[in-house]
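**Student:** Handing you a structure now.
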Amino acid sequence: MPQSRVLADRIFPMEGLAAEVVRIAAANILLVLCAHIVLPLPWTPVPITGQTFGVLLVAVLLGARRGALTLGLYLLEGIAGLPVFQPLGLPGPARFLGPTAGYLLAYAPAAFITGWIAQRGATPWRIHFRIQSNVVKLLIALMAGEVIIFTGGCAWLAQVMRLGWINSLRLGALPFLPGELIKMALLISIVGGLEFARAKNRNRSPLSGR
């Protein structure tokens, strides 16, 4: 089985355009649900949400191109005024003028890079050294996505909202580090569980009756 096949194809082996539509629609629903898990923080204009969890999970499951496409469609839905973003911000396209716009704009690139690394089971630095552990490879993919999202978010706060880089890091990144570590641990557990279930199902004998 080619290593470059995305996780969704390996676990849910569907074919054709209809299958692609189903996968992307399901991923979109997941993103909306994650966005509506929100906890405001009184000292920062950026709330805690489940959005980064959704973005990275979609990227790992669907791979680079599908993941980026799904996030692009998700942003277009928000621009059109659909209630897909976390509910505490400005509505519709006005959300892209607010303090969280940088995070939103970074979602599609983050999904592409995360999916690209996870899809190939490789790292950008494998020319220098070889990493054998799938968990380490997945962790690097997730960390790359996190860096892209928070770099975009903090850059927006620093340059567009004119908070400066120190305040942007203090308000837009540092409060979220513990939560992001928990999210990455959950993502690794979910992916590991899906792969285990797939391997168990594949190795199950059709004559065993189990």
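The way I read the labels, and the way they are meant: chains A, B, ... in the order of the structure tokens, residue 1 as the first residue of every chain, and ligand 1 as the first ligand shown, with later ones counted on from there.
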Find the residues around A:Pro175 up to 12 Å (only C-alpha atoms counted), leave out those fewer than 3 positions away in its own chain, and share them as a ChimeraX atom specification.

**Tutor:** /A:40-48,150,167-172,178-181

**Student:** Show me, as a Markdown table, the residues of stretch 84-169 of chain A having an atom within 10 Å of stretch 14-33 of chain A, each with the closest atom pair and its distance in Å, using only C-alpha atoms.

**Tutor:**
| residue | atom | partner | partner_atom | distance |
| --- | --- | --- | --- | --- |
| A:Val84 | CA | A:Val32 | CA | 5.0 |
| A:Phe85 | CA | A:Val32 | CA | 6.7 |
| A:Gln86 | CA | A:Val32 | CA | 8.0 |

**Student:** Which is closer to A:Thr70 than all the others in A:Thr114, A:Leu174, A:Tyr107, A:Gln51, using only C-alpha atoms?

**Tutor:**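 Looking at the shortest contact to A:Thr70, the residue is A:Tyr107.
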
**Student:** Which polymer residues have any atom within 9 Å of an atom of stretch 163-165 of chain A, counting only C-alpha atoms, with same-chain residues fewer than 6 positions away left out, as a PyMOL selection string?

**Tutor:** chain A and resi 154-155+157

**Student:** If you run DSSP on the backbone, which residues of chain A are strand (DSSP E), as JSON, numbers by chain?

**Tutor:** {"A": [38, 39, 48, 49]}

**Student:** Within chain A, find each residue whose DSSP state, derived from the backbone, is alpha helix (DSSP H), and express the selection as a CSV table (one decimal) with N, CA and C atoms, in the first residue's frame.

**Tutor:**
chain,number,residue,atom,x,y,z
A,7,LEU,N,-4.9,9.1,5.4
A,7,LEU,CA,-5.5,8.3,6.4
A,7,LEU,C,-6.9,7.9,6.1
A,8,ALA,N,-7.7,8.9,5.6
A,8,ALA,CA,-9.1,8.7,5.3
A,8,ALA,C,-9.2,7.6,4.3
A,9,ASP,N,-8.3,7.5,3.3
A,9,ASP,CA,-8.4,6.5,2.3
A,9,ASP,C,-8.1,5.1,2.8
A,10,ARG,N,-7.2,5.1,3.8
A,10,ARG,CA,-6.8,3.8,4.4
A,10,ARG,C,-7.8,3.2,5.3
A,11,ILE,N,-8.5,4.1,6.0
A,11,ILE,CA,-9.5,3.7,7.0
A,11,ILE,C,-10.9,3.5,6.4
A,16,GLY,N,-14.5,7.5,-5.9
A,16,GLY,CA,-15.3,8.3,-6.7
A,16,GLY,C,-15.5,9.7,-6.2
A,17,LEU,N,-16.2,10.6,-7.0
A,17,LEU,CA,-16.4,11.9,-6.6
A,17,LEU,C,-17.4,12.0,-5.5
A,18,ALA,N,-18.4,11.2,-5.4
A,18,ALA,CA,-19.4,11.2,-4.3
A,18,ALA,C,-18.7,10.9,-3.0
A,19,ALA,N,-17.7,10.0,-3.0
A,19,ALA,CA,-17.0,9.8,-1.8
A,19,ALA,C,-16.2,11.0,-1.3
A,20,GLU,N,-15.6,11.7,-2.3
A,20,GLU,CA,-14.8,12.9,-2.0
A,20,GLU,C,-15.7,14.0,-1.3
A,21,VAL,N,-16.9,14.1,-1.9
A,21,VAL,CA,-17.9,15.1,-1.4
A,21,VAL,C,-18.3,14.7,0.0
A,22,VAL,N,-18.5,13.4,0.3
A,22,VAL,CA,-18.9,13.0,1.6
A,22,VAL,C,-17.8,13.3,2.6
A,23,ARG,N,-16.5,13.0,2.3
A,23,ARG,CA,-15.4,13.2,3.2
A,23,ARG,C,-15.3,14.7,3.5
A,24,ILE,N,-15.3,15.6,2.5
A,24,ILE,CA,-15.2,17.0,2.7
A,24,ILE,C,-16.3,17.6,3.5
A,25,ALA,N,-17.5,17.1,3.2
A,25,ALA,CA,-18.7,17.6,3.9
A,25,ALA,C,-18.6,17.2,5.4
A,26,ALA,N,-18.2,15.9,5.7
A,26,ALA,CA,-18.0,15.5,7.0
A,26,ALA,C,-16.9,16.3,7.8
A,27,ALA,N,-15.8,16.6,7.1
A,27,ALA,CA,-14.8,17.4,7.6
A,27,ALA,C,-15.2,18.8,7.9
A,28,ASN,N,-16.1,19.3,7.1
A,28,ASN,CA,-16.6,20.7,7.3
A,28,ASN,C,-17.5,20.7,8.5
A,29,ILE,N,-18.3,19.7,8.7
A,29,ILE,CA,-19.2,19.6,9.9
A,29,ILE,C,-18.3,19.6,11.1
A,30,LEU,N,-17.2,18.8,11.1
A,30,LEU,CA,-16.3,18.7,12.2
A,30,LEU,C,-15.7,20.0,12.5
A,31,LEU,N,-15.3,20.8,11.5
A,31,LEU,CA,-14.7,22.1,11.8
A,31,LEU,C,-15.7,23.0,12.4
A,32,VAL,N,-16.9,23.0,12.0
A,32,VAL,CA,-18.0,23.9,12.6
A,32,VAL,C,-18.2,23.5,14.0
A,33,LEU,N,-18.3,22.2,14.3
A,33,LEU,CA,-18.5,21.8,15.7
A,33,LEU,C,-17.4,22.2,16.6
A,34,CYS,N,-16.1,22.0,16.1
A,34,CYS,CA,-15.0,22.4,16.9
A,34,CYS,C,-14.9,23.9,17.1
A,35,ALA,N,-15.3,24.7,16.1
A,35,ALA,CA,-15.3,26.2,16.3
A,35,ALA,C,-16.3,26.6,17.4
A,51,GLN,N,-11.0,25.1,17.3
A,51,GLN,CA,-10.7,25.2,15.9
A,51,GLN,C,-9.4,24.6,15.5
A,52,THR,N,-8.3,24.9,16.2
A,52,THR,CA,-7.0,24.3,15.8
A,52,THR,C,-7.1,22.8,15.8
A,53,PHE,N,-7.8,22.2,16.8
A,53,PHE,CA,-7.9,20.7,16.9
A,53,PHE,C,-8.6,20.2,15.6
A,54,GLY,N,-9.7,20.9,15.2
A,54,GLY,CA,-10.4,20.5,14.0
A,54,GLY,C,-9.5,20.7,12.7
A,55,VAL,N,-8.8,21.8,12.6
A,55,VAL,CA,-8.0,22.0,11.4
A,55,VAL,C,-6.9,20.9,11.3
A,56,LEU,N,-6.2,20.6,12.4
A,56,LEU,CA,-5.1,19.6,12.3
A,56,LEU,C,-5.7,18.2,12.1
A,57,LEU,N,-6.8,17.9,12.7
A,57,LEU,CA,-7.4,16.6,12.5
A,57,LEU,C,-7.8,16.4,11.0
A,58,VAL,N,-8.4,17.4,10.5
A,58,VAL,CA,-8.8,17.4,9.1
A,58,VAL,C,-7.6,17.2,8.2
A,59,ALA,N,-6.5,17.9,8.5
A,59,ALA,CA,-5.3,17.8,7.7
A,59,ALA,C,-4.7,16.4,7.7
A,60,VAL,N,-4.7,15.8,8.9
A,60,VAL,CA,-4.1,14.5,9.1
A,60,VAL,C,-5.0,13.4,8.4
A,61,LEU,N,-6.3,13.6,8.5
A,61,LEU,CA,-7.2,12.6,7.9
A,61,LEU,C,-7.3,12.7,6.4
A,62,LEU,N,-7.3,13.9,5.9
A,62,LEU,CA,-7.6,14.1,4.5
A,62,LEU,C,-6.3,14.3,3.7
A,64,ALA,N,-2.8,16.7,2.4
A,64,ALA,CA,-2.5,18.1,2.0
A,64,ALA,C,-3.6,18.8,1.2
A,65,ARG,N,-3.8,18.3,0.0
A,65,ARG,CA,-4.7,19.0,-0.9
A,65,ARG,C,-6.2,19.0,-0.5
A,66,ARG,N,-6.7,17.8,0.0
A,66,ARG,CA,-8.1,17.8,0.5
A,66,ARG,C,-8.2,18.7,1.7
A,67,GLY,N,-7.2,18.6,2.6
A,67,GLY,CA,-7.3,19.4,3.8
A,67,GLY,C,-7.3,20.9,3.5
A,68,ALA,N,-6.4,21.3,2.6
A,68,ALA,CA,-6.4,22.8,2.3
A,68,ALA,C,-7.7,23.2,1.6
A,69,LEU,N,-8.2,22.3,0.7
A,69,LEU,CA,-9.5,22.6,0.0
A,69,LEU,C,-10.6,22.7,1.0
A,70,THR,N,-10.7,21.8,2.0
A,70,THR,CA,-11.7,21.8,3.0
A,70,THR,C,-11.7,23.1,3.8
A,71,LEU,N,-10.5,23.5,4.2
A,71,LEU,CA,-10.4,24.8,4.9
A,71,LEU,C,-10.7,26.0,4.1
A,72,GLY,N,-10.3,26.0,2.8
A,72,GLY,CA,-10.7,27.1,1.9
A,72,GLY,C,-12.2,27.2,1.8
A,73,LEU,N,-12.9,26.1,1.6
A,73,LEU,CA,-14.3,26.1,1.6
A,73,LEU,C,-14.9,26.6,2.9
A,74,TYR,N,-14.4,26.2,4.0
A,74,TYR,CA,-14.8,26.6,5.3
A,74,TYR,C,-14.7,28.1,5.4
A,75,LEU,N,-13.6,28.7,5.0
A,75,LEU,CA,-13.5,30.2,5.1
A,75,LEU,C,-14.5,30.9,4.2
A,76,LEU,N,-14.7,30.3,3.0
A,76,LEU,CA,-15.7,30.9,2.1
A,76,LEU,C,-17.1,30.9,2.7
A,77,GLU,N,-17.4,29.8,3.4
A,77,GLU,CA,-18.7,29.8,4.1
A,77,GLU,C,-18.8,30.9,5.1
A,78,GLY,N,-17.7,31.1,5.8
A,78,GLY,CA,-17.7,32.2,6.8
A,78,GLY,C,-17.8,33.6,6.2
A,79,ILE,N,-17.1,33.8,5.1
A,79,ILE,CA,-17.2,35.1,4.4
A,79,ILE,C,-18.7,35.3,3.9
A,101,ALA,N,-8.4,37.2,12.7
A,101,ALA,CA,-8.3,37.0,11.3
A,101,ALA,C,-7.0,36.3,10.9
A,102,GLY,N,-5.9,36.6,11.5
A,102,GLY,CA,-4.6,36.0,11.2
A,102,GLY,C,-4.6,34.5,11.4
A,103,TYR,N,-5.3,34.0,12.4
A,103,TYR,CA,-5.4,32.6,12.6
A,103,TYR,C,-6.2,32.0,11.5
A,104,LEU,N,-7.4,32.6,11.2
A,104,LEU,CA,-8.2,32.1,10.1
A,104,LEU,C,-7.5,31.9,8.8
A,105,LEU,N,-6.8,33.0,8.4
A,105,LEU,CA,-6.1,33.0,7.1
A,105,LEU,C,-4.9,32.0,7.1
A,106,ALA,N,-4.5,31.6,8.3
A,106,ALA,CA,-3.4,30.6,8.3
A,106,ALA,C,-3.9,29.1,8.3
A,107,TYR,N,-5.2,28.9,8.4
A,107,TYR,CA,-5.7,27.6,8.5
A,107,TYR,C,-5.4,26.7,7.2
A,108,ALA,N,-5.7,27.3,6.1
A,108,ALA,CA,-5.5,26.5,4.8
A,108,ALA,C,-4.0,26.1,4.6
A,109,PRO,N,-3.1,27.1,4.8
A,109,PRO,CA,-1.6,26.7,4.7
A,109,PRO,C,-1.2,25.7,5.7
A,110,ALA,N,-1.7,25.9,6.9
A,110,ALA,CA,-1.4,25.0,8.0
A,110,ALA,C,-1.9,23.6,7.7
A,111,ALA,N,-3.1,23.5,7.2
A,111,ALA,CA,-3.7,22.2,6.8
A,111,ALA,C,-2.9,21.5,5.7
A,112,PHE,N,-2.4,22.3,4.7
A,112,PHE,CA,-1.6,21.8,3.6
A,112,PHE,C,-0.3,21.2,4.1
A,113,ILE,N,0.4,22.0,4.9
A,113,ILE,CA,1.7,21.5,5.4
A,113,ILE,C,1.6,20.4,6.3
A,114,THR,N,0.6,20.4,7.3
A,114,THR,CA,0.4,19.3,8.2
A,114,THR,C,0.1,18.1,7.4
A,115,GLY,N,-0.9,18.2,6.5
A,115,GLY,CA,-1.3,17.0,5.7
A,115,GLY,C,-0.1,16.5,4.8
A,116,TRP,N,0.7,17.4,4.3
A,116,TRP,CA,1.8,17.0,3.4
A,116,TRP,C,2.8,16.1,4.2
A,117,ILE,N,3.1,16.6,5.4
A,117,ILE,CA,4.1,15.8,6.2
A,117,ILE,C,3.5,14.5,6.7
A,118,ALA,N,2.2,14.6,7.2
A,118,ALA,CA,1.6,13.3,7.7
A,118,ALA,C,1.3,12.3,6.6
A,119,GLN,N,1.0,12.9,5.4
A,119,GLN,CA,0.6,12.0,4.3
A,119,GLN,C,1.8,11.2,3.8
A,120,ARG,N,3.0,11.8,3.8
A,120,ARG,CA,4.1,11.1,3.3
A,120,ARG,C,4.9,10.4,4.4
A,134,ASN,N,6.6,6.6,13.7
A,134,ASN,CA,5.4,7.3,13.2
A,134,ASN,C,4.9,8.3,14.1
A,135,VAL,N,5.0,8.1,15.4
A,135,VAL,CA,4.4,9.0,16.4
A,135,VAL,C,5.2,10.3,16.3
A,136,VAL,N,6.6,10.2,16.2
A,136,VAL,CA,7.4,11.4,16.0
A,136,VAL,C,7.1,12.2,14.8
A,137,LYS,N,6.9,11.4,13.7
A,137,LYS,CA,6.6,12.1,12.4
A,137,LYS,C,5.2,12.8,12.5
A,138,LEU,N,4.2,12.2,13.1
A,138,LEU,CA,2.9,12.8,13.3
A,138,LEU,C,3.1,14.1,14.2
A,139,LEU,N,3.9,13.9,15.3
A,139,LEU,CA,4.1,15.1,16.2
A,139,LEU,C,4.7,16.3,15.4
A,140,ILE,N,5.7,16.0,14.6
A,140,ILE,CA,6.3,17.0,13.8
A,140,ILE,C,5.3,17.7,12.8
A,141,ALA,N,4.4,16.9,12.2
A,141,ALA,CA,3.4,17.4,11.3
A,141,ALA,C,2.5,18.3,12.1
A,142,LEU,N,2.0,17.9,13.3
A,142,LEU,CA,1.1,18.7,14.1
A,142,LEU,C,1.8,20.0,14.6
A,143,MET,N,3.1,19.9,15.0
A,143,MET,CA,3.8,21.1,15.5
A,143,MET,C,4.0,22.1,14.3
A,144,ALA,N,4.2,21.6,13.1
A,144,ALA,CA,4.3,22.5,12.0
A,144,ALA,C,3.0,23.3,11.8
A,145,GLY,N,1.9,22.6,11.8
A,145,GLY,CA,0.6,23.2,11.7
A,145,GLY,C,0.4,24.3,12.8
A,146,GLU,N,0.7,23.9,14.0
A,146,GLU,CA,0.5,24.9,15.1
A,146,GLU,C,1.4,26.1,14.9
A,147,VAL,N,2.6,25.9,14.5
A,147,VAL,CA,3.5,27.1,14.3
A,147,VAL,C,3.0,28.0,13.2
A,148,ILE,N,2.5,27.4,12.1
A,148,ILE,CA,1.9,28.3,11.0
A,148,ILE,C,0.7,29.0,11.5
A,149,ILE,N,-0.2,28.4,12.3
A,149,ILE,CA,-1.4,29.0,12.7
A,149,ILE,C,-1.1,30.2,13.7
A,150,PHE,N,-0.2,29.9,14.7
A,150,PHE,CA,0.1,30.9,15.7
A,150,PHE,C,1.0,32.0,15.1
A,151,THR,N,1.8,31.7,14.2
A,151,THR,CA,2.6,32.7,13.5
A,151,THR,C,1.7,33.7,12.8
A,152,GLY,N,0.7,33.1,12.0
A,152,GLY,CA,-0.3,34.0,11.3
A,152,GLY,C,-1.1,34.8,12.3
A,153,GLY,N,-1.5,34.2,13.4
A,153,GLY,CA,-2.3,34.9,14.3
A,153,GLY,C,-1.6,36.0,15.0
A,154,CYS,N,-0.4,35.7,15.5
A,154,CYS,CA,0.4,36.8,16.2
A,154,CYS,C,0.9,37.8,15.2
A,155,ALA,N,1.2,37.5,14.0
A,155,ALA,CA,1.6,38.5,13.0
A,155,ALA,C,0.5,39.5,12.7
A,165,TRP,N,4.9,42.9,18.8
A,165,TRP,CA,5.2,41.5,18.9
A,165,TRP,C,5.2,40.9,20.3
A,166,ILE,N,5.7,41.7,21.2
A,166,ILE,CA,5.7,41.1,22.6
A,166,ILE,C,4.3,40.9,23.1
A,167,ASN,N,3.4,42.0,23.0
A,167,ASN,CA,2.0,41.8,23.4
A,167,ASN,C,1.3,40.8,22.6
A,168,SER,N,1.6,40.7,21.3
A,168,SER,CA,0.9,39.7,20.5
A,168,SER,C,1.2,38.2,21.0
A,169,LEU,N,2.5,38.0,21.3
A,169,LEU,CA,2.9,36.7,21.8
A,169,LEU,C,2.2,36.4,23.2
A,170,ARG,N,2.2,37.5,24.0
A,170,ARG,CA,1.6,37.3,25.3
A,170,ARG,C,0.1,37.1,25.3
A,171,LEU,N,-0.6,37.7,24.3
A,171,LEU,CA,-2.0,37.6,24.3
A,171,LEU,C,-2.5,36.6,23.3
A,172,GLY,N,-1.7,36.3,22.2
A,172,GLY,CA,-2.1,35.5,21.1
A,172,GLY,C,-1.5,34.1,21.1
A,177,LEU,N,-0.7,27.6,24.9
A,177,LEU,CA,0.3,26.5,24.8
A,177,LEU,C,-0.2,25.3,25.5
A,178,PRO,N,-0.6,25.4,26.8
A,178,PRO,CA,-1.0,24.1,27.5
A,178,PRO,C,-2.2,23.4,26.8
A,179,GLY,N,-3.2,24.2,26.3
A,179,GLY,CA,-4.3,23.6,25.6
A,179,GLY,C,-3.9,23.0,24.3
A,180,GLU,N,-2.9,23.6,23.6
A,180,GLU,CA,-2.5,23.0,22.3
A,180,GLU,C,-1.7,21.7,22.5
A,181,LEU,N,-1.0,21.6,23.6
A,181,LEU,CA,-0.3,20.4,23.9
A,181,LEU,C,-1.3,19.3,24.2
A,182,ILE,N,-2.4,19.6,24.9
A,182,ILE,CA,-3.4,18.6,25.1
A,182,ILE,C,-4.1,18.2,23.8
A,183,LYS,N,-4.3,19.2,22.9
A,183,LYS,CA,-5.0,18.9,21.6
A,183,LYS,C,-4.1,17.9,20.8
A,184,MET,N,-2.7,18.2,20.8
A,184,MET,CA,-1.9,17.3,20.0
A,184,MET,C,-1.8,15.9,20.6
A,185,ALA,N,-1.8,15.8,21.9
A,185,ALA,CA,-1.9,14.5,22.5
A,185,ALA,C,-3.2,13.7,22.2
A,186,LEU,N,-4.3,14.4,22.2
A,186,LEU,CA,-5.6,13.8,21.7
A,186,LEU,C,-5.5,13.4,20.3
A,187,LEU,N,-4.9,14.3,19.4
A,187,LEU,CA,-4.9,13.9,18.0
A,187,LEU,C,-4.0,12.7,17.8
A,188,ILE,N,-2.9,12.6,18.5
A,188,ILE,CA,-2.0,11.4,18.3
A,188,ILE,C,-2.8,10.2,18.8
A,189,SER,N,-3.5,10.3,19.9
A,189,SER,CA,-4.3,9.2,20.4
A,189,SER,C,-5.4,8.8,19.4
A,190,ILE,N,-6.1,9.7,18.8
A,190,ILE,CA,-7.1,9.4,17.8
A,190,ILE,C,-6.6,8.7,16.6
A,191,VAL,N,-5.5,9.3,16.1
A,191,VAL,CA,-4.9,8.7,14.9
A,191,VAL,C,-4.4,7.3,15.2
A,192,GLY,N,-3.7,7.1,16.3
A,192,GLY,CA,-3.3,5.8,16.7
A,192,GLY,C,-4.4,4.8,16.9
A,193,GLY,N,-5.5,5.3,17.5
A,193,GLY,CA,-6.7,4.4,17.6
A,193,GLY,C,-7.3,4.0,16.3
A,194,LEU,N,-7.4,5.0,15.4
A,194,LEU,CA,-7.9,4.7,14.0
A,194,LEU,C,-7.1,3.7,13.3
A,195,GLU,N,-5.8,3.8,13.4
A,195,GLU,CA,-4.8,2.9,12.7
A,195,GLU,C,-4.9,1.5,13.3
A,196,PHE,N,-5.1,1.5,14.7
A,196,PHE,CA,-5.2,0.2,15.4
A,196,PHE,C,-6.4,-0.5,14.9
A,197,ALA,N,-7.6,0.2,14.9
A,197,ALA,CA,-8.8,-0.4,14.5
A,197,ALA,C,-8.8,-0.9,13.1
A,198,ARG,N,-8.1,-0.1,12.2
A,198,ARG,CA,-8.0,-0.6,10.8
A,198,ARG,C,-7.1,-1.8,10.7
A,199,ALA,N,-6.0,-1.9,11.4
A,199,ALA,CA,-5.1,-3.0,11.4
A,199,ALA,C,-5.9,-4.3,12.0
A,200,LYS,N,-6.6,-4.1,13.0
A,200,LYS,CA,-7.4,-5.2,13.6
A,200,LYS,C,-8.4,-5.7,12.7
A,201,ASN,N,-9.1,-4.8,12.0
A,201,ASN,CA,-10.1,-5.2,11.1
A,201,ASN,C,-9.5,-5.9,9.9
A,202,ARG,N,-8.4,-5.5,9.4
A,202,ARG,CA,-7.7,-6.1,8.3
A,202,ARG,C,-7.2,-7.5,8.6
A,203,ASN,N,-6.8,-7.7,9.8
A,203,ASN,CA,-6.2,-9.0,10.2
A,203,ASN,C,-7.3,-9.9,10.7

**Student:** Please measure the separation of atom CA of A:Gln159 and atom CA of A:Ala173, giving the value in Å to one decimal.

**Tutor:** 15.1 Å

**Student:** Report, in Å to a single decimal, how far apart atom CA of A:Gly89 and atom CA of A:Met161 are.

**Tutor:**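 Separating atom CA of A:Met161 from atom CA of A:Gly89 is a distance of 14.9 Å.
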
**Student:** I'd like the interatomic distance between atom CA of A:Phe96 and atom CA of A:Gly50, to a tenth of an Å.

**Tutor:**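 Calculated distance between atom CA of A:Phe96 and atom CA of A:Gly50 is 18.6 Å.
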